[in-house]
file start_25.pdb (PDB, C-alpha atoms)
MODEL        1
ATOM      1  CA  MET A   1      85.915 -36.010  20.655  1.00  0.00           C
ATOM      2  CA  THR A   2      87.084 -34.645  17.313  1.00  0.00           C
ATOM      3  CA  ALA A   3      85.739 -31.451  15.766  1.00  0.00           C
ATOM      4  CA  PRO A   4      83.024 -31.805  13.110  1.00  0.00           C
ATOM      5  CA  GLN A   5      84.346 -32.074   9.573  1.00  0.00           C
ATOM      6  CA  ARG A   6      82.416 -30.111   6.935  1.00  0.00           C
ATOM      7  CA  VAL A   7      82.798 -29.659   3.185  1.00  0.00           C
ATOM      8  CA  SER A   8      80.493 -27.606   0.956  1.00  0.00           C
ATOM      9  CA  TYR A   9      79.999 -27.350  -2.800  1.00  0.00           C
ATOM     10  CA  ARG A  10      78.051 -25.025  -5.088  1.00  0.00           C
ATOM     11  CA  MET A  11      77.013 -27.076  -8.082  1.00  0.00           C
ATOM     12  CA  GLU A  12      75.441 -26.455 -11.478  1.00  0.00           C
ATOM     13  CA  SER A  13      71.921 -27.655 -12.292  1.00  0.00           C
ATOM     14  CA  THR A  14      73.070 -30.542 -14.498  1.00  0.00           C
ATOM     15  CA  LEU A  15      72.912 -34.323 -14.525  1.00  0.00           C
ATOM     16  CA  GLU A  16      76.711 -34.306 -14.251  1.00  0.00           C
ATOM     17  CA  SER A  17      76.336 -32.628 -10.838  1.00  0.00           C
ATOM     18  CA  VAL A  18      73.988 -35.421  -9.739  1.00  0.00           C
ATOM     19  CA  ASN A  19      76.599 -38.024 -10.642  1.00  0.00           C
ATOM     20  CA  LYS A  20      79.408 -36.077  -8.920  1.00  0.00           C
ATOM     21  CA  ALA A  21      77.327 -35.658  -5.762  1.00  0.00           C
ATOM     22  CA  GLU A  22      76.531 -39.377  -5.684  1.00  0.00           C
ATOM     23  CA  GLU A  23      80.236 -40.254  -6.003  1.00  0.00           C
ATOM     24  CA  MET A  24      81.199 -37.772  -3.275  1.00  0.00           C
ATOM     25  CA  ALA A  25      78.515 -39.188  -0.980  1.00  0.00           C
ATOM     26  CA  ASP A  26      79.898 -42.700  -1.405  1.00  0.00           C
ATOM     27  CA  GLN A  27      83.466 -41.560  -0.678  1.00  0.00           C
ATOM     28  CA  ILE A  28      82.479 -39.529   2.382  1.00  0.00           C
ATOM     29  CA  ALA A  29      80.249 -42.317   3.725  1.00  0.00           C
ATOM     30  CA  ALA A  30      83.178 -44.744   3.286  1.00  0.00           C
ATOM     31  CA  ARG A  31      85.487 -42.425   5.241  1.00  0.00           C
ATOM     32  CA  ALA A  32      82.820 -42.171   7.945  1.00  0.00           C
ATOM     33  CA  GLY A  33      83.045 -45.957   8.338  1.00  0.00           C
ATOM     34  CA  PHE A  34      79.720 -47.081   6.851  1.00  0.00           C
ATOM     35  CA  ASP A  35      79.535 -50.539   5.293  1.00  0.00           C
ATOM     36  CA  GLU A  36      78.924 -51.005   1.568  1.00  0.00           C
ATOM     37  CA  ASP A  37      75.139 -51.435   1.853  1.00  0.00           C
ATOM     38  CA  THR A  38      74.765 -48.323   4.000  1.00  0.00           C
ATOM     39  CA  ARG A  39      77.045 -46.327   1.683  1.00  0.00           C
ATOM     40  CA  SER A  40      74.904 -47.382  -1.257  1.00  0.00           C
ATOM     41  CA  GLY A  41      71.773 -46.141   0.522  1.00  0.00           C
ATOM     42  CA  VAL A  42      73.377 -42.828   1.468  1.00  0.00           C
ATOM     43  CA  SER A  43      74.556 -42.355  -2.128  1.00  0.00           C
ATOM     44  CA  MET A  44      71.085 -43.145  -3.476  1.00  0.00           C
ATOM     45  CA  ALA A  45      69.478 -40.684  -1.047  1.00  0.00           C
ATOM     46  CA  VAL A  46      71.891 -37.954  -2.155  1.00  0.00           C
ATOM     47  CA  ARG A  47      71.227 -38.799  -5.805  1.00  0.00           C
ATOM     48  CA  GLU A  48      67.468 -38.508  -5.279  1.00  0.00           C
ATOM     49  CA  GLY A  49      67.867 -35.242  -3.367  1.00  0.00           C
ATOM     50  CA  MET A  50      70.052 -33.776  -6.100  1.00  0.00           C
ATOM     51  CA  ILE A  51      67.651 -34.875  -8.845  1.00  0.00           C
ATOM     52  CA  ASN A  52      64.768 -33.245  -6.978  1.00  0.00           C
ATOM     53  CA  ALA A  53      66.770 -30.032  -6.485  1.00  0.00           C
ATOM     54  CA  ILE A  54      67.872 -29.815 -10.118  1.00  0.00           C
ATOM     55  CA  LEU A  55      64.763 -31.106 -11.895  1.00  0.00           C
ATOM     56  CA  HIS A  56      61.903 -29.997  -9.661  1.00  0.00           C
ATOM     57  CA  GLY A  57      63.543 -27.147  -7.755  1.00  0.00           C
ATOM     58  CA  ASN A  58      65.744 -25.392 -10.292  1.00  0.00           C
ATOM     59  CA  ALA A  59      63.976 -26.787 -13.403  1.00  0.00           C
ATOM     60  CA  TYR A  60      67.394 -27.297 -15.071  1.00  0.00           C
ATOM     61  CA  ASP A  61      67.858 -23.493 -15.046  1.00  0.00           C
ATOM     62  CA  THR A  62      71.553 -22.940 -15.801  1.00  0.00           C
ATOM     63  CA  ASN A  63      71.447 -19.677 -13.819  1.00  0.00           C
ATOM     64  CA  LYS A  64      70.473 -21.516 -10.623  1.00  0.00           C
ATOM     65  CA  ARG A  65      72.769 -23.586  -8.420  1.00  0.00           C
ATOM     66  CA  VAL A  66      72.473 -26.372  -5.884  1.00  0.00           C
ATOM     67  CA  ASN A  67      74.344 -26.133  -2.598  1.00  0.00           C
ATOM     68  CA  LEU A  68      75.562 -29.441  -1.198  1.00  0.00           C
ATOM     69  CA  SER A  69      77.303 -29.960   2.125  1.00  0.00           C
ATOM     70  CA  PHE A  70      78.536 -32.955   4.068  1.00  0.00           C
ATOM     71  CA  GLU A  71      79.232 -32.705   7.784  1.00  0.00           C
ATOM     72  CA  GLN A  72      80.415 -35.527  10.005  1.00  0.00           C
ATOM     73  CA  ASN A  73      80.553 -35.359  13.764  1.00  0.00           C
ATOM     74  CA  ALA A  74      81.028 -38.088  16.357  1.00  0.00           C
ATOM     75  CA  CYS A  75      77.413 -39.256  16.051  1.00  0.00           C
ATOM     76  CA  GLU A  76      76.210 -38.751  12.501  1.00  0.00           C
ATOM     77  CA  LEU A  77      76.734 -37.793   8.887  1.00  0.00           C
ATOM     78  CA  VAL A  78      74.602 -34.779   7.960  1.00  0.00           C
ATOM     79  CA  ILE A  79      74.065 -33.974   4.272  1.00  0.00           C
ATOM     80  CA  THR A  80      72.329 -30.790   3.204  1.00  0.00           C
ATOM     81  CA  ILE A  81      71.054 -30.073  -0.310  1.00  0.00           C
ATOM     82  CA  SER A  82      69.422 -26.769  -1.218  1.00  0.00           C
ATOM     83  CA  ASP A  83      68.082 -25.402  -4.480  1.00  0.00           C
ATOM     84  CA  GLU A  84      66.995 -21.960  -5.688  1.00  0.00           C
ATOM     85  CA  GLY A  85      63.529 -22.938  -6.956  1.00  0.00           C
ATOM     86  CA  HIS A  86      59.964 -22.143  -5.889  1.00  0.00           C
ATOM     87  CA  GLY A  87      59.853 -24.762  -3.139  1.00  0.00           C
ATOM     88  CA  PHE A  88      57.198 -27.349  -2.362  1.00  0.00           C
ATOM     89  CA  ILE A  89      55.174 -28.803   0.475  1.00  0.00           C
ATOM     90  CA  PRO A  90      56.446 -32.339   1.266  1.00  0.00           C
ATOM     91  CA  ASP A  91      53.079 -33.474   2.649  1.00  0.00           C
ATOM     92  CA  GLU A  92      51.469 -32.708  -0.720  1.00  0.00           C
ATOM     93  CA  VAL A  93      53.713 -35.117  -2.619  1.00  0.00           C
ATOM     94  CA  PRO A  94      51.615 -38.151  -3.650  1.00  0.00           C
ATOM     95  CA  ASP A  95      52.264 -41.433  -1.829  1.00  0.00           C
ATOM     96  CA  PRO A  96      54.254 -43.624  -4.265  1.00  0.00           C
ATOM     97  CA  LEU A  97      52.785 -46.750  -2.628  1.00  0.00           C
ATOM     98  CA  ALA A  98      49.167 -45.729  -3.265  1.00  0.00           C
ATOM     99  CA  PRO A  99      47.578 -48.036  -5.869  1.00  0.00           C
ATOM    100  CA  GLU A 100      47.050 -45.200  -8.359  1.00  0.00           C
ATOM    101  CA  ASN A 101      50.768 -44.289  -8.196  1.00  0.00           C
ATOM    102  CA  LEU A 102      52.407 -47.726  -8.321  1.00  0.00           C
ATOM    103  CA  LEU A 103      52.996 -47.686 -12.080  1.00  0.00           C
ATOM    104  CA  LYS A 104      54.184 -44.077 -12.301  1.00  0.00           C
ATOM    105  CA  THR A 105      57.814 -43.665 -13.326  1.00  0.00           C
ATOM    106  CA  SER A 106      58.515 -40.783 -10.946  1.00  0.00           C
ATOM    107  CA  GLY A 107      57.552 -39.667  -7.462  1.00  0.00           C
ATOM    108  CA  ARG A 108      59.667 -42.014  -5.360  1.00  0.00           C
ATOM    109  CA  GLY A 109      62.584 -39.739  -4.458  1.00  0.00           C
ATOM    110  CA  ILE A 110      61.371 -38.592  -1.047  1.00  0.00           C
ATOM    111  CA  PHE A 111      60.212 -42.132  -0.243  1.00  0.00           C
ATOM    112  CA  LEU A 112      63.684 -43.494  -1.063  1.00  0.00           C
ATOM    113  CA  MET A 113      65.467 -40.778   0.914  1.00  0.00           C
ATOM    114  CA  ARG A 114      63.348 -41.614   3.955  1.00  0.00           C
ATOM    115  CA  ALA A 115      63.962 -45.347   3.471  1.00  0.00           C
ATOM    116  CA  PHE A 116      67.763 -45.046   3.327  1.00  0.00           C
ATOM    117  CA  MET A 117      68.392 -42.305   5.898  1.00  0.00           C
ATOM    118  CA  ASP A 118      67.671 -42.172   9.632  1.00  0.00           C
ATOM    119  CA  GLU A 119      66.162 -38.716   9.354  1.00  0.00           C
ATOM    120  CA  VAL A 120      65.005 -36.456   6.487  1.00  0.00           C
ATOM    121  CA  ARG A 121      64.026 -32.821   7.065  1.00  0.00           C
ATOM    122  CA  PHE A 122      62.668 -30.207   4.675  1.00  0.00           C
ATOM    123  CA  ARG A 123      62.923 -26.464   5.134  1.00  0.00           C
ATOM    124  CA  LYS A 124      61.462 -23.722   2.952  1.00  0.00           C
ATOM    125  CA  LEU A 125      64.016 -21.119   1.879  1.00  0.00           C
ATOM    126  CA  ASP A 126      63.460 -17.863   0.040  1.00  0.00           C
ATOM    127  CA  PRO A 127      63.954 -18.917  -2.665  1.00  0.00           C
ATOM    128  CA  GLY A 128      64.215 -22.689  -2.689  1.00  0.00           C
ATOM    129  CA  THR A 129      64.052 -25.744  -0.513  1.00  0.00           C
ATOM    130  CA  GLU A 130      66.636 -27.297   1.786  1.00  0.00           C
ATOM    131  CA  ILE A 131      66.741 -31.033   2.430  1.00  0.00           C
ATOM    132  CA  THR A 132      68.739 -32.367   5.367  1.00  0.00           C
ATOM    133  CA  LEU A 133      69.639 -36.062   5.280  1.00  0.00           C
ATOM    134  CA  ILE A 134      70.986 -37.641   8.474  1.00  0.00           C
ATOM    135  CA  LYS A 135      72.622 -41.040   8.867  1.00  0.00           C
ATOM    136  CA  ARG A 136      73.692 -41.987  12.379  1.00  0.00           C
ATOM    137  CA  LEU A 137      77.043 -43.644  12.982  1.00  0.00           C
ATOM    138  CA  LYS A 138      76.895 -46.941  14.875  1.00  0.00           C
ATOM    139  CA  SER A 139      79.548 -45.733  17.309  1.00  0.00           C
ATOM    140  CA  GLY A 140      77.633 -42.509  18.030  1.00  0.00           C
TER     141      GLY A 140
ENDMDL
END

call {"tool": "encode", "arguments": {"input": "start_25.pdb", "output": "C-alpha cells"}}
result
Amino acid sequence: MTAPQRVSYRMESTLESVNKAEEMADQIAARAGFDEDTRSGVSMAVREGMINAILHGNAYDTNKRVNLSFEQNACELVITISDEGHGFIPDEVPDPLAPENLLKTSGRGIFLMRAFMDEVRFRKLDPGTEITLIKRLKSG
C-alpha cells in the first residue's frame, strides 16, 4: 500500500480561484484513475464547494482566504474546502427540489455536491466552515 498523497492550497476569494480549483480537481481525479464522467462530477462538486466558500462564506472579502486540499489514499479521494466566514447550518439550507424552490437560480450547490460525491461532511470552524468531499476509488 502506498502512502497517502496530499496537496494543499491557500486561495484568494475570487472567481479565478473557483476556476483554478475546478481544473485542479479534474487533473487530480484523472491521476486517481476516475473516468471522464466521474471526473466531471468531482470537478463540479469542487466548483460548487468553492463558490459556496467564496460567495456565502467569505462574501468575496479579499482579506479572507479559502483553504483547499486534495488527499488520495488507496481507497478514496478526499477533498477539503474551508472558508473564514460566519458558517452555516446545512440542515437549514432550503431543499432545491421543493416546489417553491424549483425556479430559484441558486441553492443547488450542496445538492449537487451530494449527488456527485460518495460522502459530503460539514464541520463548523471558528471562524468558517469546512466541507469534506469524498469519492471512493473502485479498487479501494

call {"tool": "resolve_selection", "arguments": {"input": "start_25.pdb", "expression": "the PyMOL selection byres ((chain A and resi 126) around 9)", "output": "JSON, numbers by chain"}}
result
{"A": [84, 85, 86, 87, 124, 125, 127, 128, 129]}

call {"tool": "closest_atom_pairs", "arguments": {"input": "start_25.pdb", "of": "stretch 28-47 of chain A", "to": "stretch 59-69 of chain A", "cutoff": "12 Å", "atoms": "all atoms listed in the file", "output": "Markdown table"}}
result
| residue | atom | partner | partner_atom | distance |
| --- | --- | --- | --- | --- |
| A:Ile28 | CA | A:Ser69 | CA | 10.9 |
| A:Val46 | CA | A:Leu68 | CA | 9.3 |
| A:Arg47 | CA | A:Leu68 | CA | 11.3 |

call {"tool": "axis_aligned_box", "arguments": {"input": "start_25.pdb", "around": "stretch 128-133 of chain A", "padding_each_side": "8 Å", "output": "JSON"}}
result
{"center_x": 66.8, "center_y": -29.4, "center_z": 1.3, "size_x": 21.6, "size_y": 29.4, "size_z": 24.1}

call {"tool": "resolve_selection", "arguments": {"input": "start_25.pdb", "expression": "the PyMOL selection byres ((chain A and resi 14) around 8)", "output": "PyMOL selection string"}}
result
chain A and resi 12-13+15-18+54+60+62

call {"tool": "atom_distance", "arguments": {"input": "start_25.pdb", "atom1": "atom CA of A:Arg114", "atom2": "atom CA of A:Ala74"}}
result
21.9 Å

call {"tool": "resolve_selection", "arguments": {"input": "start_25.pdb", "expression": "the PyMOL selection byres ((chain A and resi 116) around 9)", "output": "MDAnalysis selection string"}}
result
chainID A and resid 38 40:42 44:45 111:115 117:119 135

call {"tool": "residues_around", "arguments": {"input": "start_25.pdb", "residues": "A:Ala30", "least_positions_apart": "2", "cutoff": "12 Å", "atoms": "all atoms listed in the file", "output": "list in words"}}
result
Glu23, Met24, Ala25, Asp26, Gln27, Ile28, Ala32, Gly33, Phe34, Asp35, Glu36, Asp37, Thr38, Arg39, Ser40, Gly41, Val42, Ser43, Gln72, Leu77 and Leu137 of chain A

call {"tool": "closest_residue", "arguments": {"input": "start_25.pdb", "among": "A:Phe122, A:Met50, A:Cys75, A:Arg6", "to": "A:Ala21", "atoms": "all atoms listed in the file"}}
result
A:Met50

call {"tool": "atom_distance", "arguments": {"input": "start_25.pdb", "atom1": "atom CA of A:Asn73", "atom2": "atom CA of A:Pro4"}}
result
4.4 Å
